[in-house]
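A.B. asks: This is the structure I have questions about; it appears just below.
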Amino acid sequence: MATLTIIVAPDPRLKITAEAVASVDDDVRGLMDDMLETMHAANGVGLAAPQVGVAKRVIVIDVSNPDDPPQPMRLANPEIVWESEEMVGAEEGCLSLPEHYADVTRPERIRVRYLDGDNQPCEQEADGLLARCIQHEIDHLDGTLFVDHLSSLKRNIILRKLSKSRKQLAPA
Ligand code: GNR
Ligand code: NI
């Protein structure tokens, strides 16, 4: 197991469309475990492979309460096969947009199809934070960040602040 470096926006590696995996083999399982370790260390509830520089359709999620036992989920090639007409707004954050938060409106309930950590096809219905997190992570696989759901004004304010704070940390 290893912790990986999380890429911060703006970065072209966060804008790519990730490739489906052929199957969940030992390599993909290793990636999933490293991603879970990285996500837990960063106190996140989800992480997508492009955030650690890997252009594969792999996500991990753990929306369990920090005081309860962990409930890690490993999903490869996740696809939303149904979404509710009801939409709901809630505040989102992203480990690739540190310290920025905004309200995002998304379908309230979804059904997702995926391969689990044992390469087994699964389907699960989700609502609440889990549904929101699955949609947020699948967005990452298609090069979409939560700021892409906001007005260009709000998006550009956040991206400019991140770009500016990075230049101060590492003068080019
Ligand atoms: O840790 C995270 N919290 C979160 C809160 C609301 C909606 C989505 C998320 S996912 C985010 C971690 C992350 O950036 N995943 O890509
Ligand atoms: Ni994110």
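How things are named: the first chain in the structure tokens is A, the next is B, and so on; residues count from 1 in each chain; ligands count from 1 in the order shown.
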Taking only C-alpha atoms and all ligand atoms into account, which residues have an atom no farther than 9 Å from ligand 2? I'd like them as a list in words.
C.D. replies: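 Sorted by chain and then by number, the residues are Gly44, Gly46, Leu47, Ala48, Gln51, Glu92, Gly93, Cys94, Leu95, Ser96, Leu97, Cys133, His136, Glu137, Asp139, His140, Leu145 and Phe146 of chain A.
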A.B. asks: Write out as a ChimeraX atom specification all residues of range 111-160 of chain A that backbone DSSP assigns to helix (DSSP H, G or I).
C.D. replies: /A:128-141,146-149,152-160
A.B. asks: Go ahead and write the selection's residues with C-alpha atoms as a PDB file, in the first residue's frame.
C.D. replies:
ATOM      1  CA  GLY A 128     -28.027  10.988  -0.102  1.00  0.00           C
ATOM      2  CA  LEU A 129     -24.265  11.517   0.185  1.00  0.00           C
ATOM      3  CA  LEU A 130     -23.487   8.167  -1.500  1.00  0.00           C
ATOM      4  CA  ALA A 131     -25.498   9.076  -4.627  1.00  0.00           C
ATOM      5  CA  ARG A 132     -23.860  12.512  -4.711  1.00  0.00           C
ATOM      6  CA  CYS A 133     -20.385  11.079  -4.263  1.00  0.00           C
ATOM      7  CA  ILE A 134     -20.812   8.416  -6.985  1.00  0.00           C
ATOM      8  CA  GLN A 135     -21.931  11.125  -9.442  1.00  0.00           C
ATOM      9  CA  HIS A 136     -19.059  13.430  -8.419  1.00  0.00           C
ATOM     10  CA  GLU A 137     -16.516  10.589  -8.948  1.00  0.00           C
ATOM     11  CA  ILE A 138     -17.961   9.484 -12.309  1.00  0.00           C
ATOM     12  CA  ASP A 139     -17.729  13.135 -13.400  1.00  0.00           C
ATOM     13  CA  HIS A 140     -13.961  12.963 -12.703  1.00  0.00           C
ATOM     14  CA  LEU A 141     -13.708   9.989 -15.125  1.00  0.00           C
ATOM     15  CA  PHE A 146     -17.872  20.183  -9.580  1.00  0.00           C
ATOM     16  CA  VAL A 147     -17.001  23.741 -10.646  1.00  0.00           C
ATOM     17  CA  ASP A 148     -18.080  22.773 -14.185  1.00  0.00           C
ATOM     18  CA  HIS A 149     -21.654  22.622 -12.796  1.00  0.00           C
ATOM     19  CA  SER A 152     -18.408  30.361 -15.492  1.00  0.00           C
ATOM     20  CA  LEU A 153     -18.060  33.362 -13.168  1.00  0.00           C
ATOM     21  CA  LYS A 154     -18.019  31.206 -10.010  1.00  0.00           C
ATOM     22  CA  ARG A 155     -15.857  28.557 -11.718  1.00  0.00           C
ATOM     23  CA  ASN A 156     -13.242  31.046 -12.855  1.00  0.00           C
ATOM     24  CA  ILE A 157     -13.029  32.711  -9.442  1.00  0.00           C
ATOM     25  CA  ILE A 158     -12.197  29.346  -7.844  1.00  0.00           C
ATOM     26  CA  LEU A 159      -9.754  28.233 -10.578  1.00  0.00           C
ATOM     27  CA  ARG A 160      -7.931  31.576 -10.554  1.00  0.00           C
TER      28      ARG A 160
END
A.B. asks: If you measure from CA of Asp67 in chain A to CA of Ala2 in chain A, what distance in Å do you get, rounded to one decimal?
C.D. replies: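 Calculated distance between CA of Asp67 in chain A and CA of Ala2 in chain A is 23.4 Å.
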A.B. asks: I need the residue nearest Tyr101 in chain A from this list: A:Ile61, A:Met73, A:Leu150, A:Ala22. Use only C-alpha atoms for the distance.
C.D. replies: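 Of all the options, A:Leu150 lies closest to Tyr101 in chain A.
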